Amino acid sequence: MWINKELKKREIQGNLRTLKKTSQLIDFASNDYLGLARSDRLKKAILQEWTQGVGSTGSRLLTGNSLYAETVEDKIAQFHGCEAGLLFSCGYLANLGLFSAIGAGNVIVYDTQIHASVHDGMRLGKGKTIPFRHNDLCHLEKRLRSYAPCFVCVESVYSTDGSFAPLQELVILCQHYGAELIVDEAHAVGVFGPQGKGRVYEEGLTVFAQVITFGKALGSQGAIVLGSSELKSYLLNFARSVIYTTSLSFPSLVAVNCGYDLLPQMEEERLQLFKNIALFKQIVKTSSSSPIQPIVIPGNEHVKARAQKLQQIGCDVRPLTSPTVQRGKECLRICVHAFNTEKEIQHCLEHL
Ligand SMILES: Cc1ncc(COP(=O)(O)O)c(C=O)c1O
């Protein structure tokens, strides 16, 4: 009875979630920014590289560790200029493990637009958590004056509206107040920085931890937390989302490994992606310079109706409704890709 009541409530509020089949429409919705997930190049590389079995057979701390997993981990850490890294099954579990593990007994100051996985991790950590207004350095400084030493958590490219965190300024502020900065690079890696190494690398910064996910520009699945060897060891001991779960399967590890091999060779795709973003912004003025372009259409029903209209003319555009975003900030989250053609972008925007 109560399940039905809760679902009905959502339906009335206009935010009932249902599954949709992947469509044959023009992709303006996926996080496959470079087109790696659909590329023959990645598929071929995986098939050549995959010689082991399938399942990892256990958690990393039991039978699920392998030389291959350790090699991939070290290779990724080195690629991003970090001392060490620890693999997780996905970005959600990486943030869950990281923030629950560091949360206990510590204060975490977070940007209000931070991803749901960080919120869930902080909740599990049961430490003190303090928000600061999105990208508002004055507000953050006020928080640091009251709460440092603490952790500060941001996304280098925010997943909902594509805005950039001011990383240089954040590092300076954190250093001044003795705070540790954690940067979720989910939407930056593959796209920004030399060879797609991300925004932290691009800006020449060192931070306490970086969270990198493989399900977006890298075209596969999984995640890694990068930082010091000490942090890796701490997470292996305290991050329950890595301790109590089967580690990544060999096909997943191979896909990640091959994705990283291909990243340096994808300059052409990155160039085309930025050309497409520039074209998009010529037609519609938005605040974002990333592949994620938000068009705010307040109200769940309004934004859903607009997305549906775009789908009817062949464009796969998805709405972000509340409570995923704040009420009144419902938007179309249009993702621009390297493989979108000029004609496709114009067609989509003409009907906006
Ligand atoms: C900023 C951010 N962090 C973490 C995640 C979770 O990553 P994954 O999809 O690998 O679980 C996402 C994906 O939605 C994200 O956008």
# chains A, B, ... in the order shown; residues from 1 in each chain; ligands from 1
>>> residues_near_ligand(ligand="ligand 1", cutoff="7 Å", atoms="only C-alpha atoms and all ligand atoms", output="ChimeraX atom specification")
/A:90-93,95,115,117,155,158-159,184-187,213-215,221-223
>>> select_by_dssp(residues="segment 84-296 of chain A", states="alpha helix (DSSP H)", output="PyMOL selection string")
chain A and resi 91-103+116-125+137-147+167-177+199-202+229-238+240-243+250-262+267-283
>>> atom_distance(atom1="atom CA of Thr129 of chain A", atom2="atom CA of Ile114 of chain A")
12.4 Å
>>> select_by_dssp(residues="segment 37-99 of chain A", states="strand (DSSP E)", output="PyMOL selection string")
chain A and resi 84-88
>>> atom_distance(atom1="atom CA of Asp261 of chain A", atom2="atom CA of Ser39 of chain A")
13.9 Å
>>> closest_residue(among="A:Pro149, A:Gly198, A:Gly127, A:Gly193", to="Gly178 of chain A", atoms="only C-alpha atoms")
A:Pro149
>>> residues_around(residues="segment 278-295 of chain A", least_positions_apart="2", cutoff="9 Å", atoms="only C-alpha atoms", output="PyMOL selection string")
chain A and resi 31+33+157-164+187-188+191-192+273-276+297+330-337+342+345-346+349-350
>>> closest_residue(among="A:Ala305, A:Cys348, A:Leu173, A:Val254", to="Leu47 of chain A", atoms="only C-alpha atoms")
A:Val254
>>> closest_residue(among="A:Asp120, A:Leu310, A:Leu87, A:His347", to="Ala29 of chain A", atoms="only C-alpha atoms")
A:Leu310
>>> residues_around(residues="segment 300-303 of chain A", least_positions_apart="3", cutoff="12 Å", atoms="only C-alpha atoms", output="ChimeraX atom specification")
/A:10-17,294-297,306-310,317-333,352
>>> write_last_selection(atoms="C-alpha atoms", output="short mmCIF file (atom, residue, chain, number, x, y, z; two decimals), in the first residue's frame")
data_model
loop_
_atom_site.label_atom_id
_atom_site.label_comp_id
_atom_site.auth_asym_id
_atom_site.auth_seq_id
_atom_site.Cartn_x
_atom_site.Cartn_y
_atom_site.Cartn_z
CA ARG A 10 5.89 11.15 -7.31
CA GLU A 11 3.59 10.86 -10.31
CA ILE A 12 1.53 13.82 -9.11
CA GLN A 13 4.72 15.83 -8.48
CA GLY A 14 5.78 15.07 -12.05
CA ASN A 15 9.01 13.32 -11.08
CA LEU A 16 8.21 9.62 -11.31
CA ARG A 17 11.28 7.86 -12.68
CA PRO A 294 22.19 23.55 -19.43
CA ILE A 295 19.03 25.26 -20.66
CA VAL A 296 16.95 26.22 -17.62
CA ILE A 297 13.20 25.64 -18.01
CA ARG A 306 10.28 20.50 -23.91
CA ALA A 307 12.57 17.45 -23.84
CA GLN A 308 9.80 15.36 -25.34
CA LYS A 309 9.37 17.85 -28.20
CA LEU A 310 13.07 17.64 -28.99
CA VAL A 317 17.71 15.45 -24.97
CA ARG A 318 16.91 14.63 -21.35
CA PRO A 319 15.47 16.86 -18.65
CA LEU A 320 16.94 17.29 -15.18
CA THR A 321 14.00 17.57 -12.84
CA SER A 322 13.73 18.39 -9.15
CA PRO A 323 14.70 16.91 -6.70
CA THR A 324 17.82 16.00 -8.75
CA VAL A 325 18.26 19.78 -9.22
CA GLN A 326 16.87 22.53 -7.02
CA ARG A 327 13.22 23.44 -7.57
CA GLY A 328 13.02 26.25 -10.14
CA LYS A 329 16.35 25.22 -11.68
CA GLU A 330 14.95 22.34 -13.74
CA CYS A 331 16.79 22.24 -17.05
CA LEU A 332 17.52 20.46 -20.27
CA ARG A 333 20.99 18.96 -19.86
CA LEU A 352 14.77 24.68 -28.85
#
>>> closest_residue(among="A:Leu140, A:Leu98, A:Leu226, A:Ala255", to="Val207 of chain A", atoms="only C-alpha atoms")
A:Leu226
